[in-house]
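Trainee: Submitted below is the structure of interest, expressed as structure tokens.
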Amino acid sequence: GGAAAPAMDGPTYSVRLRDLEQRIDELKEQIRRSHTRLSLLSDTILSGGGAGSRAAIKFNNELSTAFRVTRVLIVLDGAVQYNKTDQSGALAEQAEIPIFNGSVPPGDHTLQVLVNLQGNGYGVFSYLRGYRFEVRSSHSFTAVEGKTINLQAVAFEKGGVTTPLEERPAVRFVEKIVSGLADAPGQPAAAAGGK
């Protein structure tokens, strides 16, 4: 029987070649389309029209002096935005920490917050002194095209007077959506506090 066919005869070769040319044309078309998409995107970003969304994220500490913040870790969509460990008490004294202020793609996002605390026992709470707490919380939010979302992660004490102190630390999230993508105005409030 005629075993191996010849390597490649003329007609087969030209069919293969045509096939290849067609594939190259398709690729070129894809590249051209991607290119158009990219330039559209950069135009949009540069002109600021429909330039996606903006997020301004802050961490606020509303805990009483019974707790000292020793670490704050904040992750937005899997990327670490803030990570600070501090035993000196300087971190605990910051009532507000700006975390992120910039463009985000419209759609769903996740903010994860981890706060480490140390009991700062005094008086009847002196037993807290040795306590170490870890509060973790996660929050999903939706960025809206053409709007800015102001998001605060607030460390606070939940419950009431009857709630054991060690069960009080928690994190809540406050969201406010405003129109436009302008930078948040300067924080004159901070200056008023006087450093």
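Just remember, in the structure tokens the first chain shown is A, the second B, etc., residues are 1-based per chain, and ligands are 1-based in the order shown.
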For Thr142 in chain A, please output as a PyMOL selection string all residues within 12 Å (counting only C-alpha atoms; exclusion window: fewer than 6 positions along the same chain).

Mentor: chain A and resi 52-55+77+104-111+148-151+175-177

Trainee: Filtering to N, CA and C atoms, could you give me those residues as a compact mmCIF listing (two decimals), in the first residue's frame?

Mentor:
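Output contents, as saved in again_4.txt:
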# COMPACT_ATOMS: atom_id res chain seq x y z
N GLY A 52 -15.42 56.89 34.17
CA GLY A 52 -15.52 55.89 35.23
C GLY A 52 -16.03 56.51 36.51
N SER A 53 -15.51 56.02 37.63
CA SER A 53 -15.99 56.45 38.93
C SER A 53 -14.81 56.79 39.80
N ARG A 54 -15.14 57.40 40.93
CA ARG A 54 -14.10 57.78 41.86
C ARG A 54 -14.47 57.27 43.24
N ALA A 55 -13.47 56.95 44.02
CA ALA A 55 -13.73 56.55 45.41
C ALA A 55 -12.82 57.33 46.33
N ASP A 77 -10.22 45.66 46.80
CA ASP A 77 -10.18 44.73 45.66
C ASP A 77 -8.89 43.92 45.64
N VAL A 104 -11.78 54.53 40.20
CA VAL A 104 -12.05 53.09 40.28
C VAL A 104 -12.99 52.76 39.13
N PRO A 105 -12.88 51.55 38.58
CA PRO A 105 -13.82 51.21 37.51
C PRO A 105 -15.24 51.11 38.05
N PRO A 106 -16.24 51.56 37.28
CA PRO A 106 -17.62 51.40 37.74
C PRO A 106 -17.91 49.93 37.98
N GLY A 107 -18.77 49.64 38.96
CA GLY A 107 -19.10 48.25 39.26
C GLY A 107 -18.86 47.94 40.72
N ASP A 108 -18.79 46.65 41.01
CA ASP A 108 -18.70 46.21 42.40
C ASP A 108 -17.26 46.14 42.90
N HIS A 109 -17.08 46.55 44.13
CA HIS A 109 -15.76 46.53 44.77
C HIS A 109 -15.90 46.01 46.19
N THR A 110 -14.78 45.56 46.73
CA THR A 110 -14.80 45.06 48.11
C THR A 110 -13.70 45.73 48.91
N LEU A 111 -14.08 46.21 50.08
CA LEU A 111 -13.11 46.82 50.99
C LEU A 111 -13.01 45.92 52.21
N THR A 148 -18.81 60.00 42.54
CA THR A 148 -17.77 59.71 43.53
C THR A 148 -18.44 59.07 44.74
N ILE A 149 -17.84 58.00 45.22
CA ILE A 149 -18.38 57.39 46.43
C ILE A 149 -17.45 57.72 47.58
N ASN A 150 -18.01 58.32 48.62
CA ASN A 150 -17.24 58.60 49.83
C ASN A 150 -17.54 57.48 50.80
N LEU A 151 -16.50 56.77 51.17
CA LEU A 151 -16.70 55.60 52.02
C LEU A 151 -15.84 55.72 53.26
N GLU A 175 -21.50 55.12 53.69
CA GLU A 175 -21.35 55.38 52.26
C GLU A 175 -22.13 56.61 51.85
N LYS A 176 -21.52 57.43 51.02
CA LYS A 176 -22.26 58.57 50.49
C LYS A 176 -21.84 58.76 49.04
N ILE A 177 -22.82 58.78 48.14
CA ILE A 177 -22.49 58.95 46.72
C ILE A 177 -22.79 60.38 46.31

Trainee: If you run DSSP on the backbone, which residues of range 66-104 of chain A are alpha helix (DSSP H), as JSON, numbers by chain?

Mentor: {"A": [90, 91, 92, 93]}

Trainee: What does the distance between CA of Pro98 in chain A and CA of Lys58 in chain A come to in Å, to one decimal place?

Mentor: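 Atom-to-atom, CA of Pro98 in chain A and CA of Lys58 in chain A are spaced 4.5 Å apart.
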
Trainee: Could you tell me how far CA of Ile97 in chain A lies from CA of Ala56 in chain A, in Å and to one decimal?

Mentor: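 Calculated distance between CA of Ile97 in chain A and CA of Ala56 in chain A is 11.3 Å.
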